[in-house]
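Structure below is start-v8.pdb: PDB, C-alpha atoms.
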```pdb
ATOM      1  CA  MET A1492       3.389  66.571  32.409  1.00  0.00           C
ATOM      2  CA  PRO A1493       2.313  66.204  28.790  1.00  0.00           C
ATOM      3  CA  ALA A1494      -1.310  66.515  27.859  1.00  0.00           C
ATOM      4  CA  SER A1495      -3.305  63.310  27.834  1.00  0.00           C
ATOM      5  CA  LYS A1496      -2.944  61.575  24.480  1.00  0.00           C
ATOM      6  CA  SER A1497      -6.535  60.293  24.507  1.00  0.00           C
ATOM      7  CA  LEU A1498      -8.217  63.712  24.679  1.00  0.00           C
ATOM      8  CA  PRO A1499      -7.973  66.544  22.149  1.00  0.00           C
ATOM      9  CA  TYR A1500      -7.581  70.072  23.475  1.00  0.00           C
ATOM     10  CA  PRO A1501      -9.423  72.268  23.703  1.00  0.00           C
ATOM     11  CA  ARG A1502     -12.435  70.030  24.220  1.00  0.00           C
ATOM     12  CA  CYS A1503     -16.084  70.537  25.047  1.00  0.00           C
ATOM     13  CA  CYS A1504     -17.140  71.175  28.649  1.00  0.00           C
ATOM     14  CA  VAL A1505     -20.066  69.063  29.845  1.00  0.00           C
ATOM     15  CA  GLU A1506     -21.277  71.920  32.094  1.00  0.00           C
ATOM     16  CA  CYS A1507     -21.274  74.979  29.809  1.00  0.00           C
ATOM     17  CA  GLU A1508     -20.983  73.118  26.471  1.00  0.00           C
ATOM     18  CA  LYS A1509     -18.228  75.457  25.277  1.00  0.00           C
ATOM     19  CA  GLU A1510     -15.095  74.088  23.660  1.00  0.00           C
ATOM     20  CA  SER A1511     -12.873  75.536  26.354  1.00  0.00           C
ATOM     21  CA  VAL A1512     -11.484  72.636  28.399  1.00  0.00           C
ATOM     22  CA  VAL A1513      -7.683  72.709  28.500  1.00  0.00           C
ATOM     23  CA  ARG A1514      -4.940  70.928  30.444  1.00  0.00           C
ATOM     24  CA  LEU A1515      -3.513  73.110  33.239  1.00  0.00           C
ATOM     25  CA  ALA A1516      -1.137  72.824  36.159  1.00  0.00           C
ATOM     26  CA  ILE A1517      -2.740  74.427  39.209  1.00  0.00           C
ATOM     27  CA  PRO A1518      -1.895  74.742  42.910  1.00  0.00           C
ATOM     28  CA  TYR A1519      -4.218  72.358  44.744  1.00  0.00           C
ATOM     29  CA  ASN A1520      -5.010  71.994  48.439  1.00  0.00           C
ATOM     30  CA  ALA A1521      -5.545  68.251  48.778  1.00  0.00           C
ATOM     31  CA  GLU A1522      -7.422  66.544  51.571  1.00  0.00           C
ATOM     32  CA  VAL A1523      -7.046  62.784  51.538  1.00  0.00           C
ATOM     33  CA  LYS A1524      -8.140  60.247  54.124  1.00  0.00           C
ATOM     34  CA  HIS A1525      -5.526  57.530  54.574  1.00  0.00           C
ATOM     35  CA  ASP A1526      -4.962  55.031  57.340  1.00  0.00           C
ATOM     36  CA  GLY A1527      -7.838  56.479  59.391  1.00  0.00           C
ATOM     37  CA  LYS A1528      -6.633  60.092  59.291  1.00  0.00           C
ATOM     38  CA  LEU A1529      -7.419  63.100  57.136  1.00  0.00           C
ATOM     39  CA  HIS A1530      -4.256  64.562  55.613  1.00  0.00           C
ATOM     40  CA  SER A1531      -4.187  68.095  54.187  1.00  0.00           C
ATOM     41  CA  PHE A1532      -1.318  69.213  51.983  1.00  0.00           C
ATOM     42  CA  LEU A1533      -0.552  71.541  49.097  1.00  0.00           C
ATOM     43  CA  ILE A1534       0.312  70.205  45.667  1.00  0.00           C
ATOM     44  CA  PRO A1535       2.089  73.110  43.922  1.00  0.00           C
ATOM     45  CA  GLU A1536       1.309  71.864  40.398  1.00  0.00           C
ATOM     46  CA  LEU A1537      -1.531  69.394  39.945  1.00  0.00           C
ATOM     47  CA  HIS A1538      -2.335  68.633  36.308  1.00  0.00           C
ATOM     48  CA  ILE A1539      -6.056  68.770  35.615  1.00  0.00           C
ATOM     49  CA  ASP A1540      -8.434  69.493  32.792  1.00  0.00           C
ATOM     50  CA  LYS A1541     -10.266  72.754  33.426  1.00  0.00           C
ATOM     51  CA  CYS A1542     -12.851  74.756  31.542  1.00  0.00           C
ATOM     52  CA  THR A1543     -11.546  78.265  30.995  1.00  0.00           C
ATOM     53  CA  ASN A1544     -15.130  79.455  30.476  1.00  0.00           C
ATOM     54  CA  CYS A1545     -17.020  78.175  33.540  1.00  0.00           C
ATOM     55  CA  GLY A1546     -14.199  76.874  35.738  1.00  0.00           C
ATOM     56  CA  GLU A1547     -15.354  73.235  35.862  1.00  0.00           C
ATOM     57  CA  GLU A1548     -12.462  70.981  36.880  1.00  0.00           C
ATOM     58  CA  TYR A1549     -12.034  67.416  35.631  1.00  0.00           C
ATOM     59  CA  PHE A1550     -10.043  64.891  37.615  1.00  0.00           C
ATOM     60  CA  SER A1551      -8.716  61.815  35.816  1.00  0.00           C
ATOM     61  CA  SER A1552      -6.886  58.651  36.796  1.00  0.00           C
ATOM     62  CA  GLU A1553      -3.679  60.574  35.962  1.00  0.00           C
ATOM     63  CA  THR A1554      -4.724  63.299  38.409  1.00  0.00           C
ATOM     64  CA  ASP A1555      -5.528  60.696  41.067  1.00  0.00           C
ATOM     65  CA  GLY A1556      -2.074  59.184  40.518  1.00  0.00           C
ATOM     66  CA  GLU A1557      -0.438  62.577  41.060  1.00  0.00           C
ATOM     67  CA  ILE A1558      -2.410  63.090  44.273  1.00  0.00           C
ATOM     68  CA  SER A1559      -1.396  59.627  45.527  1.00  0.00           C
ATOM     69  CA  LYS A1560       2.248  60.296  44.726  1.00  0.00           C
ATOM     70  CA  GLU A1561       2.127  63.611  46.591  1.00  0.00           C
ATOM     71  CA  LEU A1562       0.392  61.949  49.554  1.00  0.00           C
ATOM     72  CA  ARG A1563       3.310  59.487  49.756  1.00  0.00           C
ATOM     73  CA  VAL A1564       5.697  62.465  49.726  1.00  0.00           C
ATOM     74  CA  HIS A1565       3.641  64.237  52.417  1.00  0.00           C
ATOM     75  CA  LEU A1566       3.689  61.096  54.595  1.00  0.00           C
ATOM     76  CA  SER A1567       7.376  60.386  53.822  1.00  0.00           C
ATOM     77  CA  PHE A1568       6.440  56.939  52.487  1.00  0.00           C
ATOM     78  CA  LEU A1569       8.475  54.897  50.045  1.00  0.00           C
ATOM     79  CA  GLN A1570       7.484  55.604  46.445  1.00  0.00           C
ATOM     80  CA  PRO A1571       6.731  52.645  44.137  1.00  0.00           C
ATOM     81  CA  GLU A1572       9.919  53.235  42.129  1.00  0.00           C
ATOM     82  CA  GLU A1573      11.979  53.227  45.356  1.00  0.00           C
ATOM     83  CA  ILE A1574      10.552  49.880  46.434  1.00  0.00           C
ATOM     84  CA  ARG A1575      11.208  48.419  42.975  1.00  0.00           C
ATOM     85  CA  ALA A1576      14.771  49.753  42.829  1.00  0.00           C
ATOM     86  CA  LYS A1577      15.668  48.479  46.301  1.00  0.00           C
ATOM     87  CA  LEU A1578      14.240  45.027  45.613  1.00  0.00           C
ATOM     88  CA  ASN A1579      16.132  44.881  42.311  1.00  0.00           C
ATOM     89  CA  ALA A1580      19.363  45.935  44.016  1.00  0.00           C
ATOM     90  CA  LEU A1581      18.894  43.161  46.573  1.00  0.00           C
ATOM     91  CA  GLY A1582      17.953  40.592  43.922  1.00  0.00           C
ATOM     92  CA  ILE A1583      14.623  39.843  45.621  1.00  0.00           C
ATOM     93  CA  ASN A1584      11.473  39.288  43.570  1.00  0.00           C
ATOM     94  CA  GLN A1585       8.015  40.531  44.548  1.00  0.00           C
ATOM     95  CA  SER A1586       6.739  37.119  45.549  1.00  0.00           C
ATOM     96  CA  ASP A1587       9.671  36.382  47.866  1.00  0.00           C
ATOM     97  CA  PHE A1588       9.433  39.876  49.357  1.00  0.00           C
ATOM     98  CA  ALA A1589       5.705  39.435  50.027  1.00  0.00           C
ATOM     99  CA  ASN A1590       6.269  36.057  51.641  1.00  0.00           C
ATOM    100  CA  ARG A1591       9.064  37.348  53.833  1.00  0.00           C
ATOM    101  CA  ILE A1592       7.159  40.375  55.167  1.00  0.00           C
ATOM    102  CA  GLY A1593       3.914  38.398  55.540  1.00  0.00           C
ATOM    103  CA  VAL A1594       1.616  39.968  52.951  1.00  0.00           C
ATOM    104  CA  ALA A1595      -0.035  38.776  49.749  1.00  0.00           C
ATOM    105  CA  LYS A1596       2.039  39.183  46.591  1.00  0.00           C
ATOM    106  CA  GLU A1597      -0.889  41.165  45.170  1.00  0.00           C
ATOM    107  CA  SER A1598      -0.399  43.750  47.932  1.00  0.00           C
ATOM    108  CA  VAL A1599       3.251  44.190  46.954  1.00  0.00           C
ATOM    109  CA  SER A1600       2.239  44.458  43.307  1.00  0.00           C
ATOM    110  CA  ARG A1601      -0.297  47.190  44.125  1.00  0.00           C
ATOM    111  CA  TRP A1602       2.283  49.138  46.161  1.00  0.00           C
ATOM    112  CA  MET A1603       4.812  48.875  43.345  1.00  0.00           C
ATOM    113  CA  THR A1604       2.372  50.020  40.658  1.00  0.00           C
ATOM    114  CA  GLY A1605       1.098  52.845  42.839  1.00  0.00           C
ATOM    115  CA  ALA A1606      -2.462  51.495  42.795  1.00  0.00           C
ATOM    116  CA  VAL A1607      -2.540  51.338  46.610  1.00  0.00           C
ATOM    117  CA  ILE A1608      -0.664  53.298  49.260  1.00  0.00           C
ATOM    118  CA  GLN A1609       0.803  51.186  52.024  1.00  0.00           C
ATOM    119  CA  ASN A1610      -0.057  52.023  55.624  1.00  0.00           C
ATOM    120  CA  ARG A1611       2.526  53.428  58.050  1.00  0.00           C
ATOM    121  CA  ALA A1612       3.252  50.021  59.648  1.00  0.00           C
ATOM    122  CA  MET A1613       3.922  48.399  56.266  1.00  0.00           C
ATOM    123  CA  ASP A1614       6.074  51.321  55.152  1.00  0.00           C
ATOM    124  CA  ASN A1615       8.127  50.975  58.337  1.00  0.00           C
ATOM    125  CA  LEU A1616       8.456  47.208  57.873  1.00  0.00           C
ATOM    126  CA  MET A1617       9.492  47.629  54.240  1.00  0.00           C
ATOM    127  CA  ARG A1618      12.134  50.202  55.222  1.00  0.00           C
ATOM    128  CA  LEU A1619      13.533  47.854  57.839  1.00  0.00           C
ATOM    129  CA  PHE A1620      13.548  44.889  55.485  1.00  0.00           C
ATOM    130  CA  LEU A1621      15.043  46.793  52.559  1.00  0.00           C
ATOM    131  CA  GLY A1622      17.598  48.629  54.667  1.00  0.00           C
ATOM    132  CA  LEU A1623      18.904  46.082  57.129  1.00  0.00           C
ATOM    133  CA  GLU A1624      20.427  42.730  56.304  1.00  0.00           C
ATOM    134  CA  SER A1625      19.822  41.565  59.882  1.00  0.00           C
ATOM    135  CA  VAL A1626      16.066  42.070  59.393  1.00  0.00           C
ATOM    136  CA  ARG A1627      16.171  40.195  56.082  1.00  0.00           C
ATOM    137  CA  ASN A1628      18.007  37.345  57.832  1.00  0.00           C
ATOM    138  CA  VAL A1629      15.321  37.128  60.527  1.00  0.00           C
ATOM    139  CA  LEU A1630      12.503  37.273  57.983  1.00  0.00           C
ATOM    140  CA  THR A1631      13.529  34.217  55.980  1.00  0.00           C
ATOM    141  CA  ALA A1632      11.815  33.019  52.821  1.00  0.00           C
ATOM    142  CA  ASN A1633       9.538  30.619  54.706  1.00  0.00           C
ATOM    143  CA  GLY A1634       8.623  33.132  57.354  1.00  0.00           C
ATOM    144  CA  HIS A1635      10.399  31.002  59.975  1.00  0.00           C
ATOM    145  CA  ARG A1636      13.694  31.459  61.755  1.00  0.00           C
TER     146      ARG A1636
END
```

structure tokens encoding of this file:
Amino acid sequence: MPASKSLPYPRCCVECEKESVVRLAIPYNAEVKHDGKLHSFLIPELHIDKCTNCGEEYFSSETDGEISKELRVHLSFLQPEEIRAKLNALGINQSDFANRIGVAKESVSRWMTGAVIQNRAMDNLMRLFLGLESVRNVLTANGHR
């Protein structure tokens, strides 16, 4: 992953005040609570800013995005790009998809941007809907048979 364009490197550490913060890829043991459970998993290369002088680690929105992506992998959930690609292949827009599976279109938007991770039940429902024409036929556009 390229270094963040908004921050120059090396930069000043807020803890030790040395200009020794750099962008690194480190192994990281993540612990994330999702869907009522604590999940522990290893991320082999998490990109963070770290002070080479005092060891202070800085997590950014980019770092949080990497952790979320790896949590989806750990849970075997659909990734945002998979949802988008499958909907595109089926010719179904986000709004119609949301209506047919019974959620707000904003929820679908958040799943597809990666802002929110779907729960297990929604991931299962999405897999059924995206993978089986018979399920799509039952879940019609109006939510009625």

*List every protein, DNA or RNA residue that has an atom no more than 8 Å from (-6.0, 69.1, 35.9) in the file's coordinate frame, counting all atoms listed in the file, and report them as a PyMOL selection string.*
chain A and resi 1514-1517+1537-1541+1548-1551+1554

Just C-alpha atoms for this one: save the residues we selected as a compact mmCIF listing (two decimals), keeping the file's coordinate frame.
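Written out: again39.txt:
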```txt
# COMPACT_ATOMS: atom_id res chain seq x y z
CA ARG A 1514 -4.94 70.93 30.44
CA LEU A 1515 -3.51 73.11 33.24
CA ALA A 1516 -1.14 72.82 36.16
CA ILE A 1517 -2.74 74.43 39.21
CA LEU A 1537 -1.53 69.39 39.94
CA HIS A 1538 -2.34 68.63 36.31
CA ILE A 1539 -6.06 68.77 35.62
CA ASP A 1540 -8.43 69.49 32.79
CA LYS A 1541 -10.27 72.75 33.43
CA GLU A 1548 -12.46 70.98 36.88
CA TYR A 1549 -12.03 67.42 35.63
CA PHE A 1550 -10.04 64.89 37.62
CA SER A 1551 -8.72 61.82 35.82
CA THR A 1554 -4.72 63.30 38.41
```

*Quick one: everything within 8 Å of Arg1627 in chain A, counting all atoms listed in the file, minus sequence neighbours fewer than 6 positions away in the same chain. Send it as a list in words.*
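In the requested form, the answer reads Arg1591, Phe1620 and Leu1621 of chain A.
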
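Comparing A:Ile1583, A:Ala1521, A:Leu1619, A:Ala1576 by their smallest distance to Glu1557 in chain A, the closest is A:Ala1521 (using only C-alpha atoms).
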
_Explicit residue set for the PyMOL selection byres ((chain A and resi 1563) around 12), as an NGL selection string_ = :A and (1523 or 1525 or 1530 or 1532 or 1534 or 1556-1562 or 1564-1573 or 1602 or 1605 or 1607-1611 or 1614)

*CA of Ser1600 in chain A and CA of Asn1615 in chain A are how many Å apart?*
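So the answer is 17.4 Å.
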
*Mind pulling up the distance from CA of Ser1511 in chain A to CA of Thr1543 in chain A?*
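Separation of CA of Thr1543 in chain A and CA of Ser1511 in chain A: 5.5 Å.
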
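Considering the residues A:Ala1589, A:Ala1580, A:Leu1623, A:Ala1606 and counting all atoms listed in the file, Glu1553 in chain A has its shortest atom-to-atom contact with A:Ala1606.
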
*Find the distance between CA of Ser1598 in chain A and CA of Asn1628 in chain A and write it in Å to one decimal.*
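Calculated distance between CA of Ser1598 in chain A and CA of Asn1628 in chain A is 21.9 Å.
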
Box time for range 1560-1574 of chain A: axis-aligned, enclosing all its listed atoms, 3 Å extra on each side; report centre and edge lengths in Å to one decimal, as lines of an AutoDock Vina configuration file.
```
center_x = 6.2
center_y = 57.1
center_z = 48.4
size_x = 17.6
size_y = 20.4
size_z = 18.5
```

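Minimum atom-to-atom distances from A:Lys1509, A:Arg1601, A:Arg1618, A:Arg1502 to Cys1545 in chain A were compared using all atoms listed in the file, and the lowest value belongs to A:Lys1509.
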
*asked:* Set the distance at 8 Å and use all atoms listed in the file: which residues neighbour Leu1533 in chain A once local chain neighbours fewer than 6 positions away are removed? I'd like the list as number ranges by chain.
replied: A: 1518-1521

For the residues selected in the previous step, produce a file with C-alpha atoms as a short mmCIF file (atom, residue, chain, number, x, y, z; two decimals), in the frame of the given file.
```
data_model
loop_
_atom_site.label_atom_id
_atom_site.label_comp_id
_atom_site.auth_asym_id
_atom_site.auth_seq_id
_atom_site.Cartn_x
_atom_site.Cartn_y
_atom_site.Cartn_z
CA PRO A 1518 -1.90 74.74 42.91
CA TYR A 1519 -4.22 72.36 44.74
CA ASN A 1520 -5.01 71.99 48.44
CA ALA A 1521 -5.54 68.25 48.78
#
```

_Radius query 9 Å about (5.0, 40.6, 56.5), atoms used: all atoms listed in the file, as a VMD selection string_ = chain A and resid 1588 to 1595 1613 1616 to 1617 1630 1634
